[in-house]
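S.K.: Dropping a structure here in structure tokens format, bear with me for questions.
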Amino acid sequence: MRDKAKLKMKVNGKTHSVEVEPDASLLEVLRDQLNLRGTKKGCEEGECGACTVLIDGLPVVSCLTPALKCQGLSVETVEGMEDGKKLHPLQEAFLETGAVQCGYCTSGMLMSSRHLLEKNTNPTAEEIKIGLSGNLCRCTGYVQIIEAVLSAVKKIKESEK
Amino acid sequence: MDWEAYFLPQSLEEALAILEEKQRAARILAGGTDLVLQQRRARNKAKMLVDISRIPGLSQIVKEDDLIHIGAMCTHSDAANSTLLNQYLPALSCACSQIGSPQIRNMGTLVGNIVSAQPGADAALALHAFETSVTIAAYAGTRQMSLPDIYAGLGLCCVDSTRELITRITVKIPGKRMVNAFERLSTRGTLTLPVVNTGVCLELHDDDSVASSRIAVGPVSPKPFRAVKAESFLVGKKMNAEVFQQAADMAARESQPRDSLLRGSRDFRRSMVSVIVRRALQRSADMRLTYEG
Ligand code: FES
Ligand code: FES
């Protein structure tokens, strides 16, 4: 007896209207209905951060977010990071420093880093660690990820010169 | 996850009317970090959810005379970044800044932390270091309840989210000469339950002797616990390291932590109570000095 519900939300700047199950998570709708598979499903318990997206600019775990909570809101996913064909400086830096191994944590790391740099254009390594503390990586040991964020900061500064 | 309908009421009246109409089949949802997990794990499943995030005015933190009101949609991030809380209730903003992870703090609310009624919940524990009450709105009307009374047992809250909701938390700011601090011990910095945690608040006389004190410790009993012996020991004493150590040892003796696979053995946790209570008292005292300096 469950009716599907209409969900209207902005994803990466574009308005989408989808019919969703009333109990679908944002993660499921993004991946399975909007075909945005960059956002990963890890633990589905809010513990790993692989599913991190921004809602109205704030990082949240999409696995614990009911999709219908996003009614009328604006969601950003990793697919929205590149500008046309050009990667975001954070994405470039992740590639160059070897911050991507299996890649499962990467999109979540990128979303948390992106939010961090929007709040703080010149973070210290310590501030980066705090900003990324809700994202687990079982491969890199984190060193390269912190390097990548620091290197992206440099890239962004240089591009603004 | 298993719910059949999801409502986004635009006003409190509308939310309460839905609860009333659905006759206990609908449940209030705020941040969702606890409830969505519960729904998946088939514990207390609700058939319908009533999301209160669109009700205007619920995420505010405001001061009214010696009271601070914290709205039902105020998240842990909102609290951690609040200048009001950092100024008057640093124990609370500090506790909120250590909950879960950044993402969880952007979602979860202080009220949710109370309603989940876990004895170690950092925000709720910190609130026990103050005189705290909540406003509960139901279809039939509104009532107030003091924070300790709201716990019905481990994980049980007197507020029934299928009938009513907490609209705000109200904390009384202790007198002008007051200091407070929060401490937590955990195995990692993020995404861990506390081994033990504490919130302390001291009101001071003009000569810096203690006029009154509150020491809340968790999770050492089914409900949030106050170390009343240590509290009364401190009254009338001048603040110094030795007095703090004695009070902390008393707090450890009166706490009853249990052996826990996640949190550590009873003996270990009890000795850690002494460590964190001493640190929290010391940090409050240091804060006093910075205020004056
Ligand atoms: S999949 Fe959402 S936090 Fe792990
Ligand atoms: S690269 Fe494999 S989990 Fe981070």
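Residues in the structure tokens are named by chain (A, B, ... in the order shown) and by number from 1 within that chain; ligands are numbered from 1 in the order shown.
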Within 8 Å of chain A, which residues of chain B are there when counting only C-alpha atoms? Please give them as a list in words.
M.R.: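 So the contacting residues turn out to be Met1, Asp2, Trp3, Glu4, Ala5, Tyr6, Leu8, Gly32, Thr33, Val36, Leu37, Asp51, Gly100, Ser101, Pro102, Gln103, Ile104, Asn106, Met107, Thr190 and Leu191 of chain B.
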S.K.: If you keep C-alpha atoms, can you produce a file of those selected residues as a compact mmCIF listing (two decimals), in the first residue's frame?
M.R.:
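Now in selection-v2.txt:
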```
# COMPACT_ATOMS: atom_id res chain seq x y z
CA MET B 1 14.27 1.05 5.67
CA ASP B 2 10.61 0.37 5.59
CA TRP B 3 8.40 3.34 6.02
CA GLU B 4 5.39 3.91 3.84
CA ALA B 5 5.04 7.64 3.93
CA TYR B 6 7.18 10.67 4.62
CA LEU B 8 7.46 17.44 5.59
CA GLY B 32 17.75 11.01 11.18
CA THR B 33 21.19 9.75 12.21
CA VAL B 36 17.14 5.87 10.12
CA LEU B 37 19.51 3.25 11.55
CA ASP B 51 10.34 15.31 9.22
CA GLY B 100 30.34 11.35 15.60
CA SER B 101 32.02 12.88 12.55
CA PRO B 102 31.68 16.19 10.69
CA GLN B 103 28.94 14.71 8.49
CA ILE B 104 27.02 13.32 11.46
CA ASN B 106 25.80 18.40 10.25
CA MET B 107 22.77 16.12 10.51
CA THR B 190 36.19 10.48 15.59
CA LEU B 191 33.28 8.11 15.24
```
S.K.: How would you write, as a compact mmCIF listing (two decimals) with C-alpha atoms, in the first residue's frame, the set of residues no farther than 7 Å from ligand 2 when counting only C-alpha atoms and all ligand atoms?
M.R.:
```txt
# COMPACT_ATOMS: atom_id res chain seq x y z
CA ALA A 99 45.82 9.82 -3.04
CA VAL A 100 43.68 7.34 -4.98
CA GLN A 101 44.38 3.64 -4.58
CA CYS A 102 41.25 1.50 -4.75
CA GLY A 103 39.30 4.73 -5.05
CA TYR A 104 36.37 3.70 -2.93
CA CYS A 105 36.79 6.53 -0.46
CA THR A 106 37.80 9.09 -3.05
CA LEU A 136 37.79 6.44 6.22
CA CYS A 137 40.41 5.14 3.80
CA ARG A 138 41.72 1.61 4.14
CA CYS A 139 44.38 1.95 1.43
CA THR A 140 46.45 5.10 1.46
```
S.K.: Could you check which of A:Leu95, A:Leu27, A:Leu110, A:Val75 is closest to ligand 1, using only C-alpha atoms and all ligand atoms?
M.R.: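 Nearest candidate to ligand 1 out of A:Leu95, A:Leu27, A:Leu110, A:Val75: A:Leu27.
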S.K.: Leaving out Ala93 of chain A and any residue of its chain fewer than 4 positions from it, which residues lie within 9 Å of it when counting only C-alpha atoms, given as a list in words?
M.R.: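 The filter keeps His88, Pro89, Thr97, Gly98, Ala99, Ile145, Glu147, Ala148, Val149, Leu150, Ser151, Ala152 and Lys155 of chain A.
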S.K.: Those residues with N, CA, C and O atoms, as a CSV table (one decimal), in the first residue's frame please?
M.R.:
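What ended up in result.csv:
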```
chain,number,residue,atom,x,y,z
A,88,HIS,N,38.5,19.5,-11.3
A,88,HIS,CA,38.6,20.4,-10.1
A,88,HIS,C,40.1,20.3,-9.6
A,88,HIS,O,40.6,19.2,-9.7
A,89,PRO,N,40.7,21.4,-9.2
A,89,PRO,CA,42.1,21.3,-8.7
A,89,PRO,C,42.3,20.2,-7.6
A,89,PRO,O,43.3,19.5,-7.6
A,97,THR,N,49.1,13.1,-6.5
A,97,THR,CA,49.9,12.7,-5.3
A,97,THR,C,49.7,11.2,-5.0
A,97,THR,O,50.2,10.8,-4.0
A,98,GLY,N,48.9,10.5,-5.7
A,98,GLY,CA,48.7,9.1,-5.4
A,98,GLY,C,47.7,8.9,-4.2
A,98,GLY,O,47.8,8.0,-3.4
A,99,ALA,N,46.8,9.9,-4.1
A,99,ALA,CA,45.8,9.8,-3.0
A,99,ALA,C,44.7,8.9,-3.4
A,99,ALA,O,43.8,8.7,-2.6
A,145,ILE,N,46.6,11.7,0.9
A,145,ILE,CA,45.3,12.5,0.8
A,145,ILE,C,45.5,13.9,1.4
A,145,ILE,O,45.1,14.9,0.8
A,147,GLU,N,48.4,15.4,1.7
A,147,GLU,CA,49.3,16.1,0.7
A,147,GLU,C,48.5,16.6,-0.5
A,147,GLU,O,48.7,17.7,-1.0
A,148,ALA,N,47.5,15.8,-1.0
A,148,ALA,CA,46.7,16.2,-2.1
A,148,ALA,C,45.9,17.5,-1.8
A,148,ALA,O,45.9,18.4,-2.6
A,149,VAL,N,45.3,17.6,-0.6
A,149,VAL,CA,44.6,18.8,-0.3
A,149,VAL,C,45.5,20.0,-0.2
A,149,VAL,O,45.2,21.0,-0.8
A,150,LEU,N,46.7,19.8,0.4
A,150,LEU,CA,47.6,20.9,0.5
A,150,LEU,C,48.0,21.3,-0.9
A,150,LEU,O,48.1,22.5,-1.2
A,151,SER,N,48.3,20.4,-1.8
A,151,SER,CA,48.7,20.7,-3.1
A,151,SER,C,47.6,21.4,-3.9
A,151,SER,O,47.8,22.3,-4.7
A,152,ALA,N,46.3,21.0,-3.7
A,152,ALA,CA,45.2,21.7,-4.3
A,152,ALA,C,45.1,23.1,-3.9
A,152,ALA,O,44.8,24.0,-4.7
A,155,LYS,N,47.5,25.0,-5.9
A,155,LYS,CA,47.0,25.1,-7.3
A,155,LYS,C,45.9,26.2,-7.4
A,155,LYS,O,46.0,27.1,-8.3
```
S.K.: Write out as a list in words the residues lying within 12 Å of Val235 of chain B, counting only C-alpha atoms and excluding same-chain residues fewer than 4 positions away.
M.R.: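 Residues near the query, excluding close chain neighbours: Cys201, Leu202, Glu203, Leu204, His205, Asp208, Ser209, Val210, Ala211, Ser212, Ser213, Arg214, Val228, Lys229, Ala230, Glu231, Met239, Val243, Phe244 and Ala247 of chain B.
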S.K.: What does the file look like for those residues with all heavy atoms, as a short mmCIF file (atom, residue, chain, number, x, y, z; two decimals), in the first residue's frame?
M.R.:
```cif
data_model
loop_
_atom_site.label_atom_id
_atom_site.label_comp_id
_atom_site.auth_asym_id
_atom_site.auth_seq_id
_atom_site.Cartn_x
_atom_site.Cartn_y
_atom_site.Cartn_z
N CYS B 201 30.35 22.08 35.91
CA CYS B 201 30.01 23.49 35.94
C CYS B 201 30.15 23.99 37.38
O CYS B 201 29.62 23.39 38.31
CB CYS B 201 28.58 23.69 35.45
SG CYS B 201 28.07 25.41 35.49
N LEU B 202 30.92 25.04 37.57
CA LEU B 202 31.14 25.59 38.91
C LEU B 202 30.66 27.03 38.97
O LEU B 202 30.96 27.82 38.08
CB LEU B 202 32.64 25.58 39.26
CG LEU B 202 33.40 24.26 39.16
CD1 LEU B 202 34.88 24.49 39.45
CD2 LEU B 202 32.82 23.25 40.14
N GLU B 203 29.89 27.36 40.01
CA GLU B 203 29.58 28.76 40.28
C GLU B 203 30.53 29.21 41.39
O GLU B 203 30.78 28.46 42.34
CB GLU B 203 28.13 28.89 40.77
CG GLU B 203 27.14 28.98 39.64
CD GLU B 203 25.73 29.26 40.18
OE1 GLU B 203 25.09 28.30 40.62
OE2 GLU B 203 25.33 30.43 40.17
N LEU B 204 31.04 30.43 41.26
CA LEU B 204 32.09 30.86 42.18
C LEU B 204 31.65 32.08 42.99
O LEU B 204 30.94 32.95 42.49
CB LEU B 204 33.35 31.22 41.40
CG LEU B 204 33.86 30.11 40.46
CD1 LEU B 204 34.98 30.63 39.58
CD2 LEU B 204 34.33 28.90 41.26
N HIS B 205 32.13 32.13 44.23
CA HIS B 205 31.98 33.36 45.03
C HIS B 205 33.02 34.37 44.56
O HIS B 205 33.93 34.03 43.80
CB HIS B 205 32.24 33.05 46.51
CG HIS B 205 31.15 32.24 47.15
ND1 HIS B 205 29.85 32.65 47.21
CD2 HIS B 205 31.20 31.03 47.79
CE1 HIS B 205 29.11 31.74 47.84
NE2 HIS B 205 29.91 30.73 48.19
N ASP B 208 36.56 33.43 44.65
CA ASP B 208 36.88 32.25 43.84
C ASP B 208 36.70 30.93 44.57
O ASP B 208 37.16 29.89 44.09
CB ASP B 208 38.30 32.32 43.25
CG ASP B 208 38.29 33.01 41.89
OD1 ASP B 208 37.19 33.37 41.43
OD2 ASP B 208 39.37 33.17 41.30
N SER B 209 36.07 30.95 45.73
CA SER B 209 35.70 29.66 46.31
C SER B 209 34.42 29.19 45.62
O SER B 209 33.68 29.98 45.05
CB SER B 209 35.52 29.78 47.82
OG SER B 209 34.45 30.66 48.09
N VAL B 210 34.19 27.88 45.68
CA VAL B 210 33.09 27.29 44.92
C VAL B 210 31.76 27.52 45.64
O VAL B 210 31.62 27.16 46.82
CB VAL B 210 33.35 25.79 44.71
CG1 VAL B 210 32.17 25.13 44.00
CG2 VAL B 210 34.65 25.58 43.93
N ALA B 211 30.82 28.13 44.97
CA ALA B 211 29.49 28.35 45.56
C ALA B 211 28.59 27.16 45.30
O ALA B 211 27.84 26.73 46.16
CB ALA B 211 28.87 29.62 44.98
N SER B 212 28.65 26.62 44.11
CA SER B 212 27.88 25.41 43.83
C SER B 212 28.57 24.67 42.70
O SER B 212 29.33 25.27 41.93
CB SER B 212 26.45 25.75 43.43
OG SER B 212 26.45 26.24 42.11
N SER B 213 28.31 23.38 42.58
CA SER B 213 28.98 22.64 41.52
C SER B 213 28.09 21.53 40.99
O SER B 213 27.22 21.01 41.70
CB SER B 213 30.30 22.05 42.03
OG SER B 213 30.07 20.84 42.71
N ARG B 214 28.29 21.23 39.73
CA ARG B 214 27.60 20.10 39.11
C ARG B 214 28.63 19.29 38.34
O ARG B 214 29.42 19.83 37.58
CB ARG B 214 26.58 20.60 38.08
CG ARG B 214 25.28 21.03 38.69
CD ARG B 214 24.42 21.62 37.60
NE ARG B 214 23.10 21.86 38.11
CZ ARG B 214 22.02 21.17 37.78
NH1 ARG B 214 22.08 20.20 36.89
NH2 ARG B 214 20.86 21.43 38.32
N VAL B 228 27.26 13.38 43.09
CA VAL B 228 26.78 14.33 44.10
C VAL B 228 27.73 14.47 45.29
O VAL B 228 27.84 15.55 45.88
CB VAL B 228 25.37 13.95 44.61
CG1 VAL B 228 24.32 14.31 43.58
CG2 VAL B 228 25.29 12.48 44.97
N LYS B 229 28.44 13.40 45.63
CA LYS B 229 29.37 13.51 46.76
C LYS B 229 30.50 14.47 46.41
O LYS B 229 30.87 15.35 47.19
CB LYS B 229 29.94 12.14 47.13
CG LYS B 229 28.92 11.29 47.84
CD LYS B 229 29.54 10.00 48.35
CE LYS B 229 28.44 9.10 48.88
NZ LYS B 229 28.72 7.68 48.60
N ALA B 230 31.05 14.28 45.22
CA ALA B 230 32.12 15.17 44.78
C ALA B 230 31.60 16.60 44.65
O ALA B 230 32.29 17.55 45.01
CB ALA B 230 32.67 14.68 43.43
N GLU B 231 30.38 16.74 44.18
CA GLU B 231 29.80 18.08 44.04
C GLU B 231 29.74 18.79 45.39
O GLU B 231 30.17 19.94 45.53
CB GLU B 231 28.37 17.98 43.47
CG GLU B 231 28.31 17.62 42.00
CD GLU B 231 26.88 17.47 41.48
OE1 GLU B 231 25.93 17.58 42.30
OE2 GLU B 231 26.72 17.24 40.27
N MET B 239 39.53 26.88 44.61
CA MET B 239 39.91 26.02 43.48
C MET B 239 41.42 25.83 43.46
O MET B 239 42.17 26.80 43.36
CB MET B 239 39.49 26.67 42.15
CG MET B 239 38.01 26.88 42.00
SD MET B 239 37.60 27.19 40.27
CE MET B 239 38.33 28.79 40.04
N VAL B 243 42.48 20.07 45.52
CA VAL B 243 41.03 19.95 45.74
C VAL B 243 40.39 19.24 44.54
O VAL B 243 39.54 18.35 44.70
CB VAL B 243 40.41 21.36 45.95
CG1 VAL B 243 38.90 21.32 45.79
CG2 VAL B 243 40.79 21.89 47.32
N PHE B 244 40.82 19.62 43.35
CA PHE B 244 40.26 19.00 42.15
C PHE B 244 40.54 17.51 42.12
O PHE B 244 39.70 16.69 41.77
CB PHE B 244 40.83 19.67 40.89
CG PHE B 244 40.28 21.06 40.66
CD1 PHE B 244 40.93 21.93 39.80
CD2 PHE B 244 39.12 21.48 41.28
CE1 PHE B 244 40.44 23.20 39.56
CE2 PHE B 244 38.61 22.76 41.06
CZ PHE B 244 39.28 23.63 40.20
N ALA B 247 38.25 15.76 44.56
CA ALA B 247 36.88 15.69 44.05
C ALA B 247 36.79 14.64 42.94
O ALA B 247 35.84 13.86 42.87
CB ALA B 247 36.45 17.06 43.52
#
```
S.K.: Just how far from atom CA of Val111 of chain B is atom CA of Thr167 of chain B, in Å to one decimal?
M.R.: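 These two atoms are separated by 8.2 Å.
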S.K.: Apply DSSP to the structure's backbone, then extract all residues of chain A labelled alpha helix (DSSP H) and return them as a PyMOL selection string.
M.R.: chain A and resi 26-28+89-97+106-119+125-131+143-160
S.K.: What parts of chain A does DSSP call strand (DSSP E)? I'd like the answer as a list in words.
M.R.: Ala5, Lys6, Leu7, Lys8, Met9, Lys10, Val11, Lys14, Thr15, His16, Ser17, Val18, Glu19, Val20, Thr52, Val53, Leu54, Ile55, Leu58, Pro59, Val60, Val61, Ser74, Val75 and Glu76 of chain A
S.K.: Filtering to C-alpha atoms, could you give me those residues as a CSV table (one decimal), in the first residue's frame?
M.R.:
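Written file, selection.csv:
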```
chain,number,residue,atom,x,y,z
A,5,ALA,CA,6.4,10.0,-3.8
A,6,LYS,CA,7.5,12.9,-6.1
A,7,LEU,CA,10.9,14.3,-5.2
A,8,LYS,CA,12.1,17.5,-6.7
A,9,MET,CA,15.7,18.5,-5.9
A,10,LYS,CA,18.6,20.2,-7.5
A,11,VAL,CA,21.6,18.0,-8.1
A,14,LYS,CA,20.2,20.9,-12.3
A,15,THR,CA,16.7,20.4,-11.2
A,16,HIS,CA,15.5,16.8,-11.2
A,17,SER,CA,12.0,15.4,-10.6
A,18,VAL,CA,11.9,11.7,-9.7
A,19,GLU,CA,9.3,9.3,-8.4
A,20,VAL,CA,10.9,7.6,-5.4
A,52,THR,CA,29.4,11.9,1.5
A,53,VAL,CA,27.6,14.5,-0.6
A,54,LEU,CA,26.8,18.2,0.1
A,55,ILE,CA,23.3,19.2,0.9
A,58,LEU,CA,27.2,21.0,4.1
A,59,PRO,CA,28.7,17.5,4.0
A,60,VAL,CA,26.3,14.8,5.1
A,61,VAL,CA,26.2,11.0,4.7
A,74,SER,CA,20.3,21.5,-3.4
A,75,VAL,CA,22.6,18.4,-3.5
A,76,GLU,CA,26.2,18.3,-4.8
```
S.K.: List as a list in words the protein and nucleic acid residues near Ser186 of chain B, meaning an atom at most 8 Å away when only C-alpha atoms are counted, but skip any in the same chain fewer than 5 places from it.
M.R.: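 With the cut-off at 8 Å, the set is Thr192, Leu193, Pro194, Val195 and Val196 of chain B.
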S.K.: Would you save the residues of that selection, restricted to N, CA and C atoms, as a short mmCIF file (atom, residue, chain, number, x, y, z; two decimals), in the first residue's frame?
M.R.:
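That gives us part.cif:
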```
data_model
loop_
_atom_site.label_atom_id
_atom_site.label_comp_id
_atom_site.auth_asym_id
_atom_site.auth_seq_id
_atom_site.Cartn_x
_atom_site.Cartn_y
_atom_site.Cartn_z
N THR B 192 33.63 7.44 17.53
CA THR B 192 33.73 6.43 18.58
C THR B 192 32.82 6.82 19.73
N LEU B 193 32.38 5.80 20.45
CA LEU B 193 31.63 6.05 21.66
C LEU B 193 32.62 6.44 22.74
N PRO B 194 32.17 7.25 23.69
CA PRO B 194 33.09 7.60 24.77
C PRO B 194 33.34 6.40 25.70
N VAL B 195 34.59 6.26 26.14
CA VAL B 195 34.90 5.30 27.22
C VAL B 195 34.22 5.85 28.49
N VAL B 196 34.47 7.11 28.75
CA VAL B 196 33.76 7.88 29.78
C VAL B 196 33.75 9.34 29.32
#
```
S.K.: Do you know which residues are at most 12 Å from Gln118 of chain B counting only C-alpha atoms, after dropping those on the same chain fewer than 4 positions away, and could you put them as a ChimeraX atom specification?
M.R.: /B:34,112-114,122-125,150-157,193-194,218-225
S.K.: Between atom CA of Ala280 of chain B and atom CA of Pro174 of chain B, what is the distance, to one decimal in Å?
M.R.: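 Atom CA of Ala280 of chain B sits 17.1 Å away from atom CA of Pro174 of chain B.
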S.K.: Between B:Asn180, B:Ser93, B:Thr170, B:Ser260, which is the closest to Ala285 of chain B once you count only C-alpha atoms?
M.R.: B:Asn180
S.K.: Nearest to Val171 of chain B among B:Thr132, B:Gln144, B:Asn197, B:Ser255, with distances taken over only C-alpha atoms: which residue is it?
M.R.: B:Thr132
